[in-house]
Structures are given as structure tokens and as C-alpha cells.
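Colleague: Just one file: run-v5.cif, with mmCIF, C-alpha atoms.
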data_query
#
loop_
_atom_site.group_PDB
_atom_site.id
_atom_site.type_symbol
_atom_site.label_atom_id
_atom_site.label_comp_id
_atom_site.auth_asym_id
_atom_site.auth_seq_id
_atom_site.Cartn_x
_atom_site.Cartn_y
_atom_site.Cartn_z
ATOM 1 C CA MET T 804 -4.277 -8.888 -47.467
ATOM 2 C CA THR T 805 -3.360 -8.361 -43.824
ATOM 3 C CA SER T 806 -4.858 -5.521 -41.875
ATOM 4 C CA GLN T 807 -2.357 -3.444 -39.981
ATOM 5 C CA ILE T 808 -3.596 -1.784 -36.811
ATOM 6 C CA PRO T 809 -1.609 1.407 -36.311
ATOM 7 C CA LEU T 810 0.245 1.508 -33.013
ATOM 8 C CA GLU T 811 -0.466 4.407 -30.736
ATOM 9 C CA ARG T 812 2.682 6.493 -30.590
ATOM 10 C CA PHE T 813 3.271 9.158 -27.997
ATOM 11 C CA SER T 814 5.857 11.857 -27.572
ATOM 12 C CA ILE T 815 7.342 12.180 -24.100
ATOM 13 C CA ASP T 816 5.097 15.204 -23.466
ATOM 14 C CA GLU T 817 1.960 13.317 -24.520
ATOM 15 C CA LEU T 818 2.966 10.275 -22.484
ATOM 16 C CA SER T 819 3.706 12.264 -19.355
ATOM 17 C CA THR T 820 0.410 14.152 -19.653
ATOM 18 C CA LEU T 821 -1.571 10.909 -20.028
ATOM 19 C CA ALA T 822 0.236 9.322 -17.060
ATOM 20 C CA GLY T 823 -0.025 12.424 -14.874
ATOM 21 C CA VAL T 824 3.721 12.789 -14.340
ATOM 22 C CA THR T 825 6.369 15.155 -15.652
ATOM 23 C CA PRO T 826 8.674 14.359 -18.582
ATOM 24 C CA ARG T 827 11.548 14.520 -16.105
ATOM 25 C CA THR T 828 9.877 11.776 -14.032
ATOM 26 C CA VAL T 829 9.501 9.614 -17.154
ATOM 27 C CA ARG T 830 13.210 10.007 -17.886
ATOM 28 C CA TYR T 831 14.072 9.197 -14.261
ATOM 29 C CA TYR T 832 11.975 6.022 -14.302
ATOM 30 C CA ILE T 833 13.679 4.968 -17.554
ATOM 31 C CA ALA T 834 17.113 5.607 -16.019
ATOM 32 C CA GLU T 835 16.089 3.561 -12.957
ATOM 33 C CA GLY T 836 14.902 0.689 -15.161
ATOM 34 C CA LEU T 837 11.261 0.988 -14.084
ATOM 35 C CA VAL T 838 10.034 1.927 -17.558
ATOM 36 C CA ASP T 839 11.289 0.507 -20.869
ATOM 37 C CA ARG T 840 13.424 2.716 -23.077
ATOM 38 C CA PRO T 841 11.534 4.481 -25.894
ATOM 39 C CA GLU T 842 11.313 3.069 -29.388
ATOM 40 C CA GLY T 843 13.526 4.799 -31.918
ATOM 41 C CA GLU T 844 16.455 7.124 -31.357
ATOM 42 C CA LYS T 845 16.897 10.775 -30.446
ATOM 43 C CA ARG T 846 14.236 12.949 -32.103
ATOM 44 C CA GLY T 847 12.529 9.894 -33.553
ATOM 45 C CA ALA T 848 12.056 8.372 -30.097
ATOM 46 C CA HIS T 849 8.462 7.574 -29.259
ATOM 47 C CA TYR T 850 6.510 5.697 -26.625
ATOM 48 C CA LEU T 851 3.843 3.035 -26.960
ATOM 49 C CA ARG T 852 0.850 1.909 -24.933
ATOM 50 C CA ARG T 853 3.062 -0.419 -22.857
ATOM 51 C CA HIS T 854 5.065 2.589 -21.652
ATOM 52 C CA LEU T 855 1.847 4.299 -20.583
ATOM 53 C CA GLU T 856 0.684 1.155 -18.781
ATOM 54 C CA GLN T 857 4.027 0.881 -16.958
ATOM 55 C CA LEU T 858 3.782 4.494 -15.820
ATOM 56 C CA LEU T 859 0.191 4.072 -14.643
ATOM 57 C CA VAL T 860 1.130 1.008 -12.578
ATOM 58 C CA ILE T 861 4.063 2.873 -11.012
ATOM 59 C CA ARG T 862 1.863 5.857 -10.262
ATOM 60 C CA ARG T 863 -0.860 3.698 -8.672
ATOM 61 C CA TRP T 864 1.647 2.000 -6.372
ATOM 62 C CA THR T 865 3.533 5.176 -5.449
ATOM 63 C CA ASP T 866 0.241 6.980 -4.773
ATOM 64 C CA ALA T 867 -0.575 4.108 -2.409
ATOM 65 C CA GLY T 868 2.631 4.899 -0.502
ATOM 66 C CA LEU T 869 4.997 2.255 -1.874
ATOM 67 C CA SER T 870 8.641 3.150 -2.340
ATOM 68 C CA LEU T 871 10.219 2.951 -5.777
ATOM 69 C CA GLU T 872 12.311 0.047 -4.475
ATOM 70 C CA ARG T 873 9.123 -1.856 -3.616
ATOM 71 C CA VAL T 874 7.564 -0.898 -6.978
ATOM 72 C CA ARG T 875 10.653 -2.302 -8.709
ATOM 73 C CA GLU T 876 10.241 -5.576 -6.786
ATOM 74 C CA LEU T 877 6.557 -5.832 -7.681
ATOM 75 C CA MET T 878 7.201 -5.106 -11.344
ATOM 76 C CA ALA T 879 9.861 -7.841 -11.339
ATOM 77 C CA GLY T 880 7.217 -10.318 -10.173
ATOM 78 C CA ALA T 881 7.637 -10.266 -6.392
ATOM 79 C CA PRO T 882 4.590 -11.423 -4.405
ATOM 80 C CA GLU T 883 2.235 -8.711 -3.131
ATOM 81 C CA ASP T 884 3.128 -9.428 0.520
ATOM 82 C CA PRO T 885 6.788 -10.391 0.685
ATOM 83 C CA ALA T 886 8.342 -12.172 3.614
ATOM 84 C CA PRO T 887 9.604 -9.720 6.227
ATOM 85 C CA ARG T 888 13.131 -8.634 5.533
ATOM 86 C CA ARG T 889 15.769 -7.401 7.882
ATOM 87 C CA ALA T 890 17.042 -3.892 7.519
ATOM 88 C CA ALA T 891 20.475 -3.676 5.989
ATOM 89 C CA PRO T 892 23.260 -2.584 8.344
ATOM 90 C CA GLY T 893 23.413 1.188 8.355
ATOM 91 C CA ALA T 894 19.891 1.556 6.948
ATOM 92 C CA VAL T 895 17.707 4.185 8.547
ATOM 93 C CA GLU T 896 14.135 3.272 9.425
ATOM 94 C CA VAL T 897 11.612 5.400 11.220
ATOM 95 C CA TRP T 898 9.367 3.361 13.486
ATOM 96 C CA SER T 899 6.257 4.793 15.087
ATOM 97 C CA ARG T 900 5.337 3.649 18.579
ATOM 98 C CA VAL T 901 1.671 4.189 19.290
ATOM 99 C CA THR T 902 0.528 3.740 22.883
ATOM 100 C CA MET T 903 -3.040 2.465 22.709
ATOM 101 C CA ALA T 904 -3.530 1.979 26.454
ATOM 102 C CA ASP T 905 -1.462 1.158 29.506
ATOM 103 C CA GLY T 906 0.355 -2.028 28.536
ATOM 104 C CA LEU T 907 -0.707 -1.935 24.872
ATOM 105 C CA GLU T 908 1.590 -0.504 22.206
ATOM 106 C CA VAL T 909 1.771 -0.893 18.446
ATOM 107 C CA HIS T 910 5.078 -0.513 16.595
ATOM 108 C CA ILE T 911 4.756 0.387 12.924
ATOM 109 C CA GLU T 912 7.253 1.122 10.183
ATOM 110 C CA PRO T 913 4.866 2.439 7.521
ATOM 111 C CA GLY T 914 7.362 2.143 4.657
ATOM 112 C CA ARG T 915 8.011 -1.534 5.281
ATOM 113 C CA ALA T 916 4.342 -2.194 5.923
ATOM 114 C CA GLY T 917 3.421 -0.410 2.699
ATOM 115 C CA LEU T 918 0.999 1.903 4.517
ATOM 116 C CA THR T 919 0.180 5.504 3.716
ATOM 117 C CA PRO T 920 -0.315 7.933 6.624
ATOM 118 C CA GLU T 921 -4.099 7.658 6.111
ATOM 119 C CA GLN T 922 -3.887 3.871 6.298
ATOM 120 C CA VAL T 923 -1.814 4.057 9.496
ATOM 121 C CA ARG T 924 -4.454 6.287 11.079
ATOM 122 C CA ALA T 925 -7.199 3.880 9.976
ATOM 123 C CA LEU T 926 -5.231 0.963 11.445
ATOM 124 C CA VAL T 927 -4.847 2.752 14.785
ATOM 125 C CA ARG T 928 -8.575 3.579 14.838
ATOM 126 C CA GLY T 929 -9.413 -0.054 14.060
ATOM 127 C CA ILE T 930 -7.118 -1.395 16.785
ATOM 128 C CA THR T 931 -8.560 1.102 19.276
ATOM 129 C CA ALA T 932 -12.117 0.028 18.429
ATOM 130 C CA LEU T 933 -11.187 -3.645 18.735
ATOM 131 C CA TYR T 934 -9.434 -3.034 22.055
ATOM 132 C CA ARG T 935 -12.523 -1.272 23.438
ATOM 133 C CA GLN T 936 -14.722 -4.095 22.190
ATOM 134 C CA VAL T 937 -12.545 -6.736 23.829
ATOM 135 C CA ARG T 938 -12.363 -4.753 27.083
ATOM 136 C CA SER T 939 -16.137 -4.271 27.344
ATOM 137 C CA PRO T 940 -17.900 -6.325 30.052
ATOM 138 C CA ASP T 941 -20.065 -8.091 27.454
ATOM 139 C CA ALA T 942 -17.018 -9.265 25.527
ATOM 140 C CA SER T 943 -15.290 -10.720 28.572
ATOM 141 C CA GLU T 944 -18.361 -12.754 29.495
ATOM 142 C CA SER T 945 -18.878 -14.128 26.005
ATOM 143 C CA ALA T 946 -15.167 -14.763 25.533
ATOM 144 C CA THR T 947 -14.931 -16.933 28.644
ATOM 145 C CA GLY T 948 -18.328 -18.500 28.128
ATOM 146 C CA ALA T 949 -19.174 -17.667 31.734
ATOM 147 C CA VAL T 950 -22.529 -15.963 31.990
ATOM 148 C CA ASN T 951 -23.771 -14.826 35.369
ATOM 149 C CA THR T 952 -26.879 -16.992 35.470
ATOM 150 C CA SER T 953 -28.078 -15.725 38.854
ATOM 151 C CA SER T 954 -28.397 -12.127 37.633
ATOM 152 C CA THR T 955 -30.019 -13.293 34.377
ATOM 153 C CA PHE T 956 -32.462 -15.438 36.355
ATOM 154 C CA ARG T 957 -33.275 -12.565 38.725
ATOM 155 C CA GLU T 958 -33.891 -10.106 35.800
ATOM 156 C CA ASN T 959 -36.251 -12.568 34.069
ATOM 157 C CA ASN T 960 -38.225 -13.240 37.257
ATOM 158 C CA ASP T 961 -38.708 -9.550 38.117
ATOM 159 C CA GLU T 962 -41.138 -9.159 35.201
#
Could you rewrite the structure in this file as C-alpha cells?
Modeller:
Amino acid sequence: MTSQIPLERFSIDELSTLAGVTPRTVRYYIAEGLVDRPEGEKRGAHYLRRHLEQLLVIRRWTDAGLSLERVRELMAGAPEDPAPRRAAPGAVEVWSRVTMADGLEVHIEPGRAGLTPEQVRALVRGITALYRQVRSPDASESATGAVNTSSTFRENNDE
């Protein structure tokens, strides 16, 4: 006697509710090949746990700011950080140029970098903090290894 575990079956409305997307989005992802087609035909069509898992992965990556093209690549087994790719002729990219200080600029294309606007702001804050740290007098002395021994000697002897 074999025990049969019933498969969880979902209607498109149940599936979309569980995944936090609309039924229209589910159909779009199926048409784009991001989600497997449903089991069954027409009114008997139903979705399984794997469909829900596919939708949740897509949602996690799109919520993180990834394009559907990048999601498709990741789902096909592409590495998390792909080699930089050239923009196709005629492609439109929007690059941000952030001037950190005189002589210091950062050029970012958030879509290619896979960064959300919040992550871009955090990156700029981090670079600014690092720049200030490197520019501080203490950092320049420790970076060169040159410590002003005469002033250190004088401070220690004044006590």
C-alpha cells in the first residue's frame, strides 16, 4: 500500500494572493516564460507549489530592483554577479554622475549594477564616509607610515 500525499493545487486567484501579485501579472510571467504553464487545460488549469515558489523568487528579485531580463538570466542559472556586458547599439541607459568632491566622481547605472534607489543612496553615503576618512590627517599619517615623532616626543615630555 503506497501512501499518496495530495498535491497542493491553487487557482490563479489563490496563487496570485499567496505570491502577492495580480492574476494578470501571473499570466504575464507565464507568457514571458518566467513561470511554468499551469497544469491542466482551460477551466481545469491549476497551479502547484513550484509555481508559487517561482513567483516568490521573481518577486524577491524584482523587489530588490532587478529587471525582468536579469531575473530571467538568474532563473536560467546565470551567476549572481555576471561579467559586465556592453550595452546593445541603440539601447538607452541612464547613468548617474555623483560629484563627491572636487576631482572625485562616481558614475552609476543602477539597473546594470542591480541597485535600488535606497542602495544607491547607501553606496554614496558609504563612499562619502570613506573619502572623509581617507582625507583626515590621521589617515594620511598612518597610510604613509610617517609619524611626526618630534611633536609626539614634545607632547609626551610636557607631562
Colleague: Can you list what the PyMOL selection byres ((chain T and resi 897-902) around 10) grabs from this structure, as a PyMOL selection string?
Modeller: chain T and resi 895-896+903-915+923+927
Colleague: With all atoms listed in the file counted, which protein, DNA or RNA residues have an atom no more than 10 Å from (0.6, 1.2, -14.7) in the file frame? Please answer as a PyMOL selection string.
Modeller: chain T and resi 822+838+853-864+878
Colleague: Any chance you could export the current selection's C-alpha atoms as a PDB file, in the coordinates of the input?
Modeller:
ATOM      1  CA  ALA T 822       0.236   9.322 -17.060  1.00  0.00           C
ATOM      2  CA  VAL T 838      10.034   1.927 -17.558  1.00  0.00           C
ATOM      3  CA  ARG T 853       3.062  -0.419 -22.857  1.00  0.00           C
ATOM      4  CA  HIS T 854       5.065   2.589 -21.652  1.00  0.00           C
ATOM      5  CA  LEU T 855       1.847   4.299 -20.583  1.00  0.00           C
ATOM      6  CA  GLU T 856       0.684   1.155 -18.781  1.00  0.00           C
ATOM      7  CA  GLN T 857       4.027   0.881 -16.958  1.00  0.00           C
ATOM      8  CA  LEU T 858       3.782   4.494 -15.820  1.00  0.00           C
ATOM      9  CA  LEU T 859       0.191   4.072 -14.643  1.00  0.00           C
ATOM     10  CA  VAL T 860       1.130   1.008 -12.578  1.00  0.00           C
ATOM     11  CA  ILE T 861       4.063   2.873 -11.012  1.00  0.00           C
ATOM     12  CA  ARG T 862       1.863   5.857 -10.262  1.00  0.00           C
ATOM     13  CA  ARG T 863      -0.860   3.698  -8.672  1.00  0.00           C
ATOM     14  CA  TRP T 864       1.647   2.000  -6.372  1.00  0.00           C
ATOM     15  CA  MET T 878       7.201  -5.106 -11.344  1.00  0.00           C
TER      16      MET T 878
END
Colleague: Name every residue that the PyMOL selection byres ((chain T and resi 851) around 10) selects in this structure, writing the answer as JSON, numbers by chain with chains first and numbers rising.
Modeller: {"T": [810, 811, 812, 813, 814, 818, 839, 841, 842, 849, 850, 852, 853, 854, 855, 856]}
Colleague: Go ahead and compute the interatomic distance for CA of Arg873 (chain T) and CA of Ala916 (chain T), in Å to one decimal.
Modeller: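 These two atoms are separated by 10.7 Å.
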Colleague: Taking all listed atoms of region 834-851 of chain T, build the axis-aligned box, pad each of the six sides by 6 Å, then write its centre and edge lengths in Å to one decimal as JSON.
Modeller:
{"center_x": 10.5, "center_y": 6.7, "center_z": -23.3, "size_x": 25.3, "size_y": 24.4, "size_z": 32.6}
Colleague: Given the choices T:Thr931, T:Gly847, T:Thr865, T:Gly836, which gets closest to Val824 (chain T) if the distance is worked out from all atoms listed in the file?
Modeller: T:Thr865
Colleague: For a test of reading the model, state the distance in Å between CA of Gly929 (chain T) and CA of Asp866 (chain T), rounded to one decimal.
Modeller: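 So the answer is 22.3 Å.
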Colleague: CA of Arg830 (chain T) and CA of Leu918 (chain T) are how many Å apart?
Modeller: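 For CA of Arg830 (chain T) relative to CA of Leu918 (chain T), the distance reads 26.8 Å.
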